[in-house]
Amino acid sequence: MLFQVIVSGFVIGCVYGLIALGYSLIYKASGLMNFAQGDVLTLGCFLGYTFYTLLGLPYWLSLIITAAIAFFFGMGEERFIIRKLQNKNVLTVYVVLATISIQYILQNSIQAIWGPNMLSYPRVFPWNNVTIFGVNIQTESVFCIIMSFILMMLLQVFMNHTKFGTAMRASALDAKAAKACGINPSFATGVTWGIAAALAATAGILLGPIYGVFIMLGQTIGRKGFAAAIMGGYGNVIGAIVGGVLLGLIETMSAAYWSSTYKDMIAYGLLLIFLYVKPTGIFNEKALNR
Amino acid sequence: MLLEIKNLCLSFGGLKATNDVSIAMEEGKVYALIGPNGAGKTTFFNLISGVYKPDSGTITFDGQRLDGKRPYQVNEAGIARTYQVINLFKKMTVLDNVKVGMHTKLKSGFIQSMFHTKSQQAEEAAIIDKAMDLLAFVGLKNHMNDLAGDLSYGQQRLLEIVRAMASEPKLILLDEPAAGMNSTEKVELNVLIRKILARGITVLLVEHDMKLVMNIADHIFVLNHGQKLAEGSPLEIQNNPKVIEAYLGGGAKK
């Protein structure tokens with residue numbers, strides 16, 4: 001029982017982590033909170049369903065196509081909405097409001113295209129379960145955890161050890177200084193939003209076979225991903241993952257051993273305590289106005 | 001000619017900030033751009049480095065047209081610059097600042113980095129070597145692990161110059177490098193500019209400190225009201241009545 005609980009905590013925790021990574025990347029690059037992040041997960045889930053279930057493409061191919069579409073969606077969102085607003089020099093809160101608008105437009109568009117009913121993926125792997133330590137675990141869950149960790153590692157290498165990753169980090173720290181170093185900060189910021197969206201959509205297609213496909217899937221996960229990002233230290237890449245897994249574990253444990261009805265209350269109560277006790281997050285990001 | 005600018009114009013509303021300016025620069029010399037306050041020196045720098053787009057005129061660098069190019073494209077073409085207001089990554093270490101400056105020259109891609117190949121390791125090591133070498137060049141090697149924002153003002157200026165050099169430019173534009181430096185640091189700057197030249201990098205600087213300019217420049221361009229007033233050797237400029245008139249008439253500092 002305990003092992004299974006931990007595994008499902010890890011599954012949802014990894015998904016929170018992927019979403020939180022997106023929040024952190026966007027926060028670093030544009031100084032914003034993007035409310036639409038969770039709904040891009042929903043979009044990814046539906047797109048994956050379309051390619052895999054309706055069009056019969058292989059799962060891995062559906063995953064790649066979905067991530068690619070989401071990447072361009074994220075880049076477009078930044079270029080045609082967010083940056084246009086930022087160039088007008090409006091207050092940050094207006095830009096955040098724009099992301100709320102995008103969130104609801106996206107939700108309704110998904111409903112208009114795919115309808116309001118809950119859908120489900122057929123099995124992805126020919127075998128239902130894998131046995132680890134004598135416990136049966138759903139194969140898709142194991143796959144979700146492994147894929148999440150691979151993605152996080154790839155991102156870490158990409159950000160810290162490649163030319164373009166360096167350009168992204170430099171642009172996020174100081175766009176003007178980056179320009180002086182031969183970097184095109186607007187392109188780097190666009191790619192950052194693209195990566196954030198691709199991560200969310202990938203989380204969606206990984207989660208689809210486990211949780212099912214429905215309109216509100218991403219909204220709740222999106223909010224928790226945000227909580228996870230702050231717990232880890234808002235803007236910190238490793239913190240996002242740790243915060244995500246931690247939140248997933250706390251939530252699943254409280255559901256399993258206490259009350260599944262009040263698991264959110266417990267998780268968010270902890271978050272509130274966390275904000276008081278350690279506002280800088282686990283990895284000490286700047287959180288105080290000084 | 002390394003840099004050839006012909007009939008460059010830029011207006012802001014009704015103000016002609018750069019008005020039909022033509023200059024030519026050869027490789028391997030120190031050039032200075034001077035003029036009273038508001039003469040359009042920084043605007044001219046911003047035109048060369050791609051921050052502004054000219055209304056008309058051409059900028060040819062190393063046989064390549066640069067007018068209308070973006071700042072990062074100008075940098076790729078081989079022109080690096082520093083700013084009047086210090087423009088460093090203040091929260092990065094001194095070493096990392098130089099490494100970012102070098103990044104346009106990197107070759108290893110994602111795959112090499114992923115698998116941490118030999119070529120990538122060698123490149124990484126070479127980068128650090130080169131960055132340390134550059135830092136030693138301006139005496140900042142001992143500070144390589146400090147945050148750039150913690151350096152003294154003069155040191156930050158030096159770091160900005162080194163970061164600009166890291167992209168291996170053919171031409172470096174220095175916008176008031178001596179601003180905020182004390183007299184010792186100014187002497188060091190003088191030496192540094194000569195050393196930069198010795199590395200085969202041509203220098204164009206905007207500077208208010210006339211003593212420094214007259215000491216170091218091989219050739220001086222004088223701007224006034226957005227137009228080129230005069231050009232020549234320091235001696236010619238010092239004795240040019242039009243220049244003296246512009247400076248005294250404009251009430252600018254000596």
# chains A, B, ... in the order shown; residues from 1 in each chain; ligands from 1
>>> interface_residues(of="chain B", to="chain A", cutoff="6 Å", atoms="only C-alpha atoms", output="PyMOL selection string")
chain B and resi 72+75+87-88+101+103+110
>>> write_last_selection(atoms="all heavy atoms", output="PDB file, in the first residue's frame")
ATOM      1  N   TYR B  72      22.489  41.998 -31.975  1.00  0.00           N
ATOM      2  CA  TYR B  72      23.201  40.723 -31.903  1.00  0.00           C
ATOM      3  C   TYR B  72      23.860  40.362 -33.234  1.00  0.00           C
ATOM      4  O   TYR B  72      24.891  39.706 -33.272  1.00  0.00           O
ATOM      5  CB  TYR B  72      22.261  39.592 -31.443  1.00  0.00           C
ATOM      6  CG  TYR B  72      21.158  39.227 -32.406  1.00  0.00           C
ATOM      7  CD1 TYR B  72      21.328  38.185 -33.303  1.00  0.00           C
ATOM      8  CD2 TYR B  72      19.951  39.910 -32.425  1.00  0.00           C
ATOM      9  CE1 TYR B  72      20.319  37.840 -34.194  1.00  0.00           C
ATOM     10  CE2 TYR B  72      18.942  39.579 -33.298  1.00  0.00           C
ATOM     11  CZ  TYR B  72      19.121  38.541 -34.189  1.00  0.00           C
ATOM     12  OH  TYR B  72      18.132  38.208 -35.063  1.00  0.00           O
ATOM     13  N   ASN B  75      27.046  42.324 -33.378  1.00  0.00           N
ATOM     14  CA  ASN B  75      28.033  41.649 -32.536  1.00  0.00           C
ATOM     15  C   ASN B  75      28.644  40.453 -33.264  1.00  0.00           C
ATOM     16  O   ASN B  75      29.849  40.251 -33.264  1.00  0.00           O
ATOM     17  CB  ASN B  75      27.366  41.223 -31.228  1.00  0.00           C
ATOM     18  CG  ASN B  75      28.341  40.611 -30.249  1.00  0.00           C
ATOM     19  OD1 ASN B  75      28.774  39.482 -30.448  1.00  0.00           O
ATOM     20  ND2 ASN B  75      28.711  41.344 -29.217  1.00  0.00           N
ATOM     21  N   ASN B  87      26.634  47.950 -17.832  1.00  0.00           N
ATOM     22  CA  ASN B  87      25.632  47.039 -18.345  1.00  0.00           C
ATOM     23  C   ASN B  87      26.131  45.600 -18.194  1.00  0.00           C
ATOM     24  O   ASN B  87      26.343  44.905 -19.171  1.00  0.00           O
ATOM     25  CB  ASN B  87      25.420  47.411 -19.821  1.00  0.00           C
ATOM     26  CG  ASN B  87      24.208  46.776 -20.403  1.00  0.00           C
ATOM     27  OD1 ASN B  87      23.440  46.134 -19.696  1.00  0.00           O
ATOM     28  ND2 ASN B  87      24.026  46.925 -21.691  1.00  0.00           N
ATOM     29  N   LEU B  88      26.314  45.197 -16.950  1.00  0.00           N
ATOM     30  CA  LEU B  88      26.823  43.844 -16.687  1.00  0.00           C
ATOM     31  C   LEU B  88      25.703  42.979 -16.134  1.00  0.00           C
ATOM     32  O   LEU B  88      24.661  43.474 -15.730  1.00  0.00           O
ATOM     33  CB  LEU B  88      27.932  43.903 -15.631  1.00  0.00           C
ATOM     34  CG  LEU B  88      29.251  44.543 -16.036  1.00  0.00           C
ATOM     35  CD1 LEU B  88      30.102  44.782 -14.805  1.00  0.00           C
ATOM     36  CD2 LEU B  88      29.981  43.684 -17.041  1.00  0.00           C
ATOM     37  N   GLY B 101      29.877  36.452 -22.567  1.00  0.00           N
ATOM     38  CA  GLY B 101      30.425  37.245 -23.664  1.00  0.00           C
ATOM     39  C   GLY B 101      31.027  36.380 -24.750  1.00  0.00           C
ATOM     40  O   GLY B 101      31.065  36.737 -25.919  1.00  0.00           O
ATOM     41  N   HIS B 103      29.961  33.359 -25.550  1.00  0.00           N
ATOM     42  CA  HIS B 103      29.100  32.244 -25.967  1.00  0.00           C
ATOM     43  C   HIS B 103      28.836  32.187 -27.468  1.00  0.00           C
ATOM     44  O   HIS B 103      28.593  31.127 -28.004  1.00  0.00           O
ATOM     45  CB  HIS B 103      27.770  32.267 -25.191  1.00  0.00           C
ATOM     46  CG  HIS B 103      26.677  32.922 -25.939  1.00  0.00           C
ATOM     47  ND1 HIS B 103      26.637  34.268 -26.135  1.00  0.00           N
ATOM     48  CD2 HIS B 103      25.618  32.408 -26.601  1.00  0.00           C
ATOM     49  CE1 HIS B 103      25.588  34.554 -26.869  1.00  0.00           C
ATOM     50  NE2 HIS B 103      24.946  33.454 -27.167  1.00  0.00           N
ATOM     51  N   PHE B 110      23.743  20.575 -28.331  1.00  0.00           N
ATOM     52  CA  PHE B 110      22.999  19.912 -27.272  1.00  0.00           C
ATOM     53  C   PHE B 110      23.477  18.479 -27.063  1.00  0.00           C
ATOM     54  O   PHE B 110      23.695  18.033 -25.938  1.00  0.00           O
ATOM     55  CB  PHE B 110      21.523  19.930 -27.675  1.00  0.00           C
ATOM     56  CG  PHE B 110      20.607  19.463 -26.597  1.00  0.00           C
ATOM     57  CD1 PHE B 110      20.788  19.867 -25.291  1.00  0.00           C
ATOM     58  CD2 PHE B 110      19.550  18.624 -26.899  1.00  0.00           C
ATOM     59  CE1 PHE B 110      19.930  19.448 -24.295  1.00  0.00           C
ATOM     60  CE2 PHE B 110      18.693  18.193 -25.914  1.00  0.00           C
ATOM     61  CZ  PHE B 110      18.879  18.602 -24.614  1.00  0.00           C
TER      62      PHE B 110
END
>>> residues_around(residues="region 7-22 of chain A", least_positions_apart="3", cutoff="8 Å", atoms="only C-alpha atoms", output="VMD selection string")
chain A and resid 3 to 4 25 to 26 37 to 38 137 141 to 142 144 to 145 148 to 149 152 193 195 to 197 199 to 200 203 207 221 to 222 224 to 229 237 240 to 253
>>> write_last_selection(atoms="C-alpha atoms", output="tab-separated table (two decimals), in the first residue's frame")
chain	number	residue	atom	x	y	z
A	3	PHE	CA	4.75	1.93	-2.01
A	4	GLN	CA	1.78	2.37	-4.31
A	25	LEU	CA	11.09	29.57	-16.71
A	26	ILE	CA	8.44	32.14	-17.59
A	37	GLN	CA	0.08	27.17	-18.02
A	38	GLY	CA	-2.21	24.47	-16.61
A	137	ILE	CA	2.32	-0.59	-10.63
A	141	SER	CA	2.65	5.65	-14.16
A	142	VAL	CA	6.20	4.35	-14.27
A	144	CYS	CA	5.29	9.18	-16.56
A	145	ILE	CA	7.82	9.33	-13.74
A	148	SER	CA	9.47	13.52	-16.31
A	149	PHE	CA	12.89	12.94	-14.86
A	152	MET	CA	14.00	17.66	-16.30
A	193	TRP	CA	7.69	30.37	-23.36
A	195	ILE	CA	9.62	25.28	-23.81
A	196	ALA	CA	7.31	26.03	-20.86
A	197	ALA	CA	4.27	25.21	-23.01
A	199	LEU	CA	6.64	20.82	-20.93
A	200	ALA	CA	3.02	21.38	-19.88
A	203	ALA	CA	2.77	16.43	-18.91
A	207	LEU	CA	-1.12	12.08	-17.58
A	221	ILE	CA	-3.04	20.98	-11.74
A	222	GLY	CA	-1.97	24.40	-12.99
A	224	LYS	CA	-0.90	23.29	-7.76
A	225	GLY	CA	2.04	23.53	-10.10
A	226	PHE	CA	2.20	27.20	-9.20
A	227	ALA	CA	2.16	26.31	-5.52
A	228	ALA	CA	4.93	23.79	-6.17
A	229	ALA	CA	7.03	26.40	-7.96
A	237	VAL	CA	14.55	25.12	-11.82
A	240	ALA	CA	10.35	23.49	-9.12
A	241	ILE	CA	10.91	19.75	-9.40
A	242	VAL	CA	11.51	19.22	-5.69
A	243	GLY	CA	8.51	21.40	-4.81
A	244	GLY	CA	6.34	19.48	-7.27
A	245	VAL	CA	7.28	16.04	-6.01
A	246	LEU	CA	6.93	17.16	-2.40
A	247	LEU	CA	3.46	18.60	-2.97
A	248	GLY	CA	2.41	15.46	-4.87
A	249	LEU	CA	3.60	13.23	-2.05
A	250	ILE	CA	1.97	15.32	0.71
A	251	GLU	CA	-1.30	15.42	-1.17
A	252	THR	CA	-1.39	11.72	-2.01
A	253	MET	CA	-0.34	10.71	1.50
>>> residues_around(residues="region 89-99 of chain B", least_positions_apart="5", cutoff="6 Å", atoms="only C-alpha atoms", output="ChimeraX atom specification")
/B:131,144-149,163
>>> write_last_selection(atoms="N, CA and C atoms", output="PDB file, in the first residue's frame")
ATOM      1  N   ALA B 131      38.796  32.700 -20.588  1.00  0.00           N
ATOM      2  CA  ALA B 131      38.162  33.705 -19.737  1.00  0.00           C
ATOM      3  C   ALA B 131      39.125  34.163 -18.644  1.00  0.00           C
ATOM      4  N   MET B 144      37.468  36.502  -9.857  1.00  0.00           N
ATOM      5  CA  MET B 144      36.633  35.784 -10.822  1.00  0.00           C
ATOM      6  C   MET B 144      35.388  35.143 -10.208  1.00  0.00           C
ATOM      7  N   ASN B 145      35.441  34.814  -8.929  1.00  0.00           N
ATOM      8  CA  ASN B 145      34.264  34.206  -8.315  1.00  0.00           C
ATOM      9  C   ASN B 145      33.359  35.182  -7.568  1.00  0.00           C
ATOM     10  N   ASP B 146      33.730  36.468  -7.599  1.00  0.00           N
ATOM     11  CA  ASP B 146      32.864  37.480  -6.984  1.00  0.00           C
ATOM     12  C   ASP B 146      31.691  37.778  -7.911  1.00  0.00           C
ATOM     13  N   LEU B 147      30.611  38.279  -7.322  1.00  0.00           N
ATOM     14  CA  LEU B 147      29.513  38.750  -8.161  1.00  0.00           C
ATOM     15  C   LEU B 147      29.938  40.064  -8.819  1.00  0.00           C
ATOM     16  N   ALA B 148      29.564  40.197 -10.089  1.00  0.00           N
ATOM     17  CA  ALA B 148      29.962  41.390 -10.836  1.00  0.00           C
ATOM     18  C   ALA B 148      29.490  42.661 -10.131  1.00  0.00           C
ATOM     19  N   GLY B 149      28.286  42.591  -9.526  1.00  0.00           N
ATOM     20  CA  GLY B 149      27.725  43.755  -8.853  1.00  0.00           C
ATOM     21  C   GLY B 149      28.518  44.200  -7.629  1.00  0.00           C
ATOM     22  N   ARG B 163      34.503  41.664 -21.157  1.00  0.00           N
ATOM     23  CA  ARG B 163      33.386  40.879 -21.686  1.00  0.00           C
ATOM     24  C   ARG B 163      33.172  41.182 -23.168  1.00  0.00           C
TER      25      ARG B 163
END
>>> select_by_dssp(residues="region 40-261 of chain A", states="alpha helix (DSSP H)", output="number ranges by chain")
A: 40-49, 59-77, 83-87, 92-114, 139-161, 163-173, 175-180, 185-211, 217-232, 237-257
>>> residues_around(residues="Thr202 (chain B)", least_positions_apart="3", cutoff="7 Å", atoms="only C-alpha atoms", output="mmCIF file with N, CA and C atoms, in the first residue's frame")
data_model
loop_
_atom_site.group_PDB
_atom_site.id
_atom_site.type_symbol
_atom_site.label_atom_id
_atom_site.label_comp_id
_atom_site.auth_asym_id
_atom_site.auth_seq_id
_atom_site.Cartn_x
_atom_site.Cartn_y
_atom_site.Cartn_z
ATOM 1 N N GLU B 27 42.101 49.541 -39.918
ATOM 2 C CA GLU B 27 42.366 48.574 -38.867
ATOM 3 C C GLU B 27 43.607 48.980 -38.055
ATOM 4 N N GLY B 28 43.601 48.651 -36.774
ATOM 5 C CA GLY B 28 44.805 48.798 -35.972
ATOM 6 C C GLY B 28 45.091 50.195 -35.451
ATOM 7 N N LYS B 29 44.059 51.005 -35.289
ATOM 8 C CA LYS B 29 44.285 52.342 -34.735
ATOM 9 C C LYS B 29 43.283 52.612 -33.616
ATOM 10 N N VAL B 30 43.604 53.635 -32.803
ATOM 11 C CA VAL B 30 42.650 54.071 -31.790
ATOM 12 C C VAL B 30 41.971 55.338 -32.301
ATOM 13 N N LYS B 170 36.575 42.554 -34.010
ATOM 14 C CA LYS B 170 37.635 43.245 -34.753
ATOM 15 C C LYS B 170 37.647 44.714 -34.364
ATOM 16 N N LEU B 171 36.474 45.175 -33.890
ATOM 17 C CA LEU B 171 36.342 46.576 -33.489
ATOM 18 C C LEU B 171 35.620 46.620 -32.154
ATOM 19 N N ILE B 172 36.126 47.440 -31.254
ATOM 20 C CA ILE B 172 35.452 47.584 -29.973
ATOM 21 C C ILE B 172 35.056 49.055 -29.801
ATOM 22 N N LEU B 197 44.687 47.176 -28.460
ATOM 23 C CA LEU B 197 45.151 47.429 -29.826
ATOM 24 C C LEU B 197 46.206 46.407 -30.241
#
>>> residues_around(residues="Thr99 (chain A)", least_positions_apart="6", cutoff="8 Å", atoms="only C-alpha atoms", output="MDAnalysis selection string")
chainID A and resid 34:36
>>> select_by_dssp(residues="region 14-234 of chain B", states="strand (DSSP E)", output="ChimeraX atom specification")
/B:15-25,30-34,56-61,64-65,79-81,171-175,202-206,219-224,227-232
>>> write_last_selection(atoms="N, CA and C atoms", output="short mmCIF file (atom, residue, chain, number, x, y, z; two decimals), in the first residue's frame")
data_model
loop_
_atom_site.label_atom_id
_atom_site.label_comp_id
_atom_site.auth_asym_id
_atom_site.auth_seq_id
_atom_site.Cartn_x
_atom_site.Cartn_y
_atom_site.Cartn_z
N LEU B 15 14.29 66.70 -34.54
CA LEU B 15 15.70 66.86 -34.19
C LEU B 15 16.58 65.93 -35.02
N LYS B 16 17.53 66.55 -35.73
CA LYS B 16 18.47 65.72 -36.50
C LYS B 16 19.61 65.31 -35.58
N ALA B 17 19.49 64.13 -34.99
CA ALA B 17 20.48 63.67 -34.01
C ALA B 17 21.78 63.28 -34.69
N THR B 18 21.67 62.73 -35.88
CA THR B 18 22.85 62.42 -36.70
C THR B 18 22.54 62.94 -38.09
N ASN B 19 23.40 63.85 -38.56
CA ASN B 19 23.06 64.56 -39.78
C ASN B 19 24.18 64.41 -40.81
N ASP B 20 23.99 63.47 -41.73
CA ASP B 20 24.89 63.31 -42.87
C ASP B 20 26.34 63.11 -42.44
N VAL B 21 26.57 62.18 -41.53
CA VAL B 21 27.92 61.94 -41.03
C VAL B 21 28.60 60.83 -41.84
N SER B 22 29.81 61.09 -42.29
CA SER B 22 30.61 60.08 -42.97
C SER B 22 31.96 59.97 -42.28
N ILE B 23 32.35 58.74 -41.94
CA ILE B 23 33.69 58.54 -41.39
C ILE B 23 34.25 57.24 -41.95
N ALA B 24 35.57 57.12 -41.91
CA ALA B 24 36.20 55.87 -42.33
C ALA B 24 37.30 55.53 -41.33
N MET B 25 37.39 54.26 -40.98
CA MET B 25 38.39 53.83 -40.00
C MET B 25 39.22 52.67 -40.54
N VAL B 30 43.60 53.63 -32.80
CA VAL B 30 42.65 54.07 -31.79
C VAL B 30 41.97 55.34 -32.30
N TYR B 31 40.67 55.28 -32.41
CA TYR B 31 39.90 56.44 -32.85
C TYR B 31 39.10 56.98 -31.67
N ALA B 32 38.90 58.29 -31.67
CA ALA B 32 38.06 58.88 -30.62
C ALA B 32 36.99 59.73 -31.26
N LEU B 33 35.84 59.72 -30.61
CA LEU B 33 34.73 60.53 -31.07
C LEU B 33 34.46 61.53 -29.95
N ILE B 34 34.62 62.83 -30.25
CA ILE B 34 34.40 63.82 -29.20
C ILE B 34 33.38 64.85 -29.68
N SER B 56 18.79 57.06 -43.20
CA SER B 56 19.45 56.86 -44.49
C SER B 56 20.95 56.78 -44.25
N GLY B 57 21.68 56.41 -45.30
CA GLY B 57 23.12 56.26 -45.17
C GLY B 57 23.51 54.81 -45.03
N THR B 58 24.80 54.55 -45.15
CA THR B 58 25.26 53.16 -45.10
C THR B 58 26.36 52.98 -44.06
N ILE B 59 26.40 51.78 -43.48
CA ILE B 59 27.48 51.39 -42.58
C ILE B 59 28.07 50.12 -43.14
N THR B 60 29.33 50.18 -43.55
CA THR B 60 29.97 48.98 -44.10
C THR B 60 31.12 48.58 -43.19
N PHE B 61 31.06 47.36 -42.69
CA PHE B 61 32.09 46.88 -41.77
C PHE B 61 32.71 45.62 -42.35
N GLN B 64 30.93 44.20 -45.15
CA GLN B 64 29.57 43.72 -44.92
C GLN B 64 28.68 44.90 -44.53
N ARG B 65 27.51 45.00 -45.14
CA ARG B 65 26.60 46.09 -44.79
C ARG B 65 25.95 45.83 -43.43
N ILE B 79 31.68 43.47 -34.07
CA ILE B 79 31.75 44.75 -33.33
C ILE B 79 31.19 44.53 -31.93
N ALA B 80 32.01 44.79 -30.90
CA ALA B 80 31.52 44.69 -29.53
C ALA B 80 31.52 46.09 -28.93
N ARG B 81 30.71 46.30 -27.91
CA ARG B 81 30.69 47.64 -27.33
C ARG B 81 30.49 47.61 -25.83
N LEU B 171 36.47 45.17 -33.89
CA LEU B 171 36.34 46.58 -33.49
C LEU B 171 35.62 46.62 -32.15
N ILE B 172 36.13 47.44 -31.25
CA ILE B 172 35.45 47.58 -29.97
C ILE B 172 35.06 49.05 -29.80
N LEU B 173 33.81 49.27 -29.41
CA LEU B 173 33.31 50.63 -29.18
C LEU B 173 33.22 50.85 -27.68
N LEU B 174 33.93 51.86 -27.18
CA LEU B 174 33.92 52.13 -25.74
C LEU B 174 33.20 53.45 -25.50
N ASP B 175 32.08 53.40 -24.81
CA ASP B 175 31.31 54.62 -24.55
C ASP B 175 31.69 55.18 -23.18
N THR B 202 40.72 47.00 -33.20
CA THR B 202 40.64 48.44 -33.42
C THR B 202 39.69 49.04 -32.38
N VAL B 203 40.00 50.26 -31.94
CA VAL B 203 39.22 50.87 -30.86
C VAL B 203 38.57 52.17 -31.33
N LEU B 204 37.30 52.34 -31.01
CA LEU B 204 36.65 53.65 -31.19
C LEU B 204 36.04 54.02 -29.84
N LEU B 205 36.46 55.17 -29.30
CA LEU B 205 35.89 55.53 -28.01
C LEU B 205 35.26 56.91 -28.01
N VAL B 206 34.20 57.02 -27.23
CA VAL B 206 33.61 58.31 -26.91
C VAL B 206 34.16 58.68 -25.55
N HIS B 219 43.50 59.19 -34.11
CA HIS B 219 42.68 59.98 -35.03
C HIS B 219 41.39 60.36 -34.31
N ILE B 220 40.98 61.61 -34.47
CA ILE B 220 39.80 62.07 -33.72
C ILE B 220 38.73 62.57 -34.68
N PHE B 221 37.48 62.19 -34.40
CA PHE B 221 36.33 62.76 -35.10
C PHE B 221 35.62 63.70 -34.13
N VAL B 222 35.23 64.88 -34.60
CA VAL B 222 34.51 65.80 -33.74
C VAL B 222 33.08 65.96 -34.26
N LEU B 223 32.12 65.73 -33.39
CA LEU B 223 30.73 65.92 -33.75
C LEU B 223 30.21 67.17 -33.06
N ASN B 224 29.31 67.88 -33.74
CA ASN B 224 28.61 69.01 -33.11
C ASN B 224 27.23 69.11 -33.74
N GLN B 227 26.40 66.81 -36.58
CA GLN B 227 27.19 66.83 -37.81
C GLN B 227 28.66 66.65 -37.50
N LYS B 228 29.40 66.16 -38.51
CA LYS B 228 30.84 66.06 -38.30
C LYS B 228 31.45 67.44 -38.51
N LEU B 229 32.11 67.92 -37.44
CA LEU B 229 32.68 69.27 -37.48
C LEU B 229 34.10 69.22 -38.04
N ALA B 230 34.84 68.20 -37.61
CA ALA B 230 36.24 68.11 -38.04
C ALA B 230 36.75 66.70 -37.79
N GLU B 231 37.89 66.37 -38.40
CA GLU B 231 38.60 65.15 -38.01
C GLU B 231 40.08 65.34 -38.26
N GLY B 232 40.89 64.58 -37.55
CA GLY B 232 42.33 64.70 -37.74
C GLY B 232 43.09 64.17 -36.55
#
>>> residues_around(residues="region 51-55 of chain B", least_positions_apart="2", cutoff="6 Å", atoms="only C-alpha atoms", output="number ranges by chain")
B: 9-10, 46-47, 49, 68, 71
>>> write_last_selection(atoms="C-alpha atoms", output="PDB file, in the first residue's frame")
ATOM      1  CA  CYS B   9      21.225  60.307 -40.899  1.00  0.00           C
ATOM      2  CA  LEU B  10      18.802  59.805 -38.026  1.00  0.00           C
ATOM      3  CA  ASN B  46      23.854  53.328 -31.079  1.00  0.00           C
ATOM      4  CA  LEU B  47      23.578  53.550 -34.860  1.00  0.00           C
ATOM      5  CA  SER B  49      25.881  48.922 -32.862  1.00  0.00           C
ATOM      6  CA  GLY B  68      19.530  48.186 -40.218  1.00  0.00           C
ATOM      7  CA  PRO B  71      22.507  44.453 -32.086  1.00  0.00           C
TER       8      PRO B  71
END
>>> atom_distance(atom1="CA of Leu66 (chain B)", atom2="CA of Ile48 (chain B)")
7.7 Å
>>> closest_residue(among="A:Val124, A:Ile266, A:Ile146, A:Ala188", to="Gly56 (chain A)", atoms="only C-alpha atoms")
A:Val124
>>> residues_around(residues="Asp209 (chain B)", least_positions_apart="4", cutoff="12 Å", atoms="only C-alpha atoms", output="NGL selection string")
:B and (32-36 or 175-183 or 186-187 or 190 or 205 or 213-217 or 252-254)
>>> write_last_selection(atoms="C-alpha atoms", output="tab-separated table (two decimals), in the first residue's frame")
chain	number	residue	atom	x	y	z
B	32	ALA	CA	38.06	58.88	-30.62
B	33	LEU	CA	34.73	60.53	-31.07
B	34	ILE	CA	34.40	63.82	-29.20
B	35	GLY	CA	32.05	66.76	-29.11
B	36	PRO	CA	30.16	68.99	-26.68
B	175	ASP	CA	31.31	54.62	-24.55
B	176	GLU	CA	32.97	56.89	-21.97
B	177	PRO	CA	35.23	54.21	-20.50
B	178	ALA	CA	36.90	56.66	-18.10
B	179	ALA	CA	33.65	57.93	-16.58
B	180	GLY	CA	33.75	57.45	-12.83
B	181	MET	CA	37.37	56.29	-12.82
B	182	ASN	CA	39.95	57.81	-10.50
B	183	SER	CA	43.25	59.11	-11.87
B	186	LYS	CA	42.60	56.30	-15.90
B	187	VAL	CA	46.30	55.66	-16.31
B	190	ASN	CA	45.31	54.18	-21.10
B	205	LEU	CA	35.89	55.53	-28.01
B	213	VAL	CA	41.72	61.37	-25.64
B	214	MET	CA	44.67	63.49	-26.76
B	215	ASN	CA	47.04	60.99	-25.21
B	216	ILE	CA	45.65	57.86	-26.67
B	217	ALA	CA	43.84	58.57	-29.95
B	252	ALA	CA	31.41	72.56	-22.38
B	253	LYS	CA	34.06	71.32	-20.00
B	254	LYS	CA	37.68	71.25	-21.01
>>> atom_distance(atom1="CA of Met118 (chain A)", atom2="CA of Val213 (chain A)")
5.6 Å
>>> atom_distance(atom1="CA of Arg194 (chain B)", atom2="CA of Tyr247 (chain B)")
27.2 Å
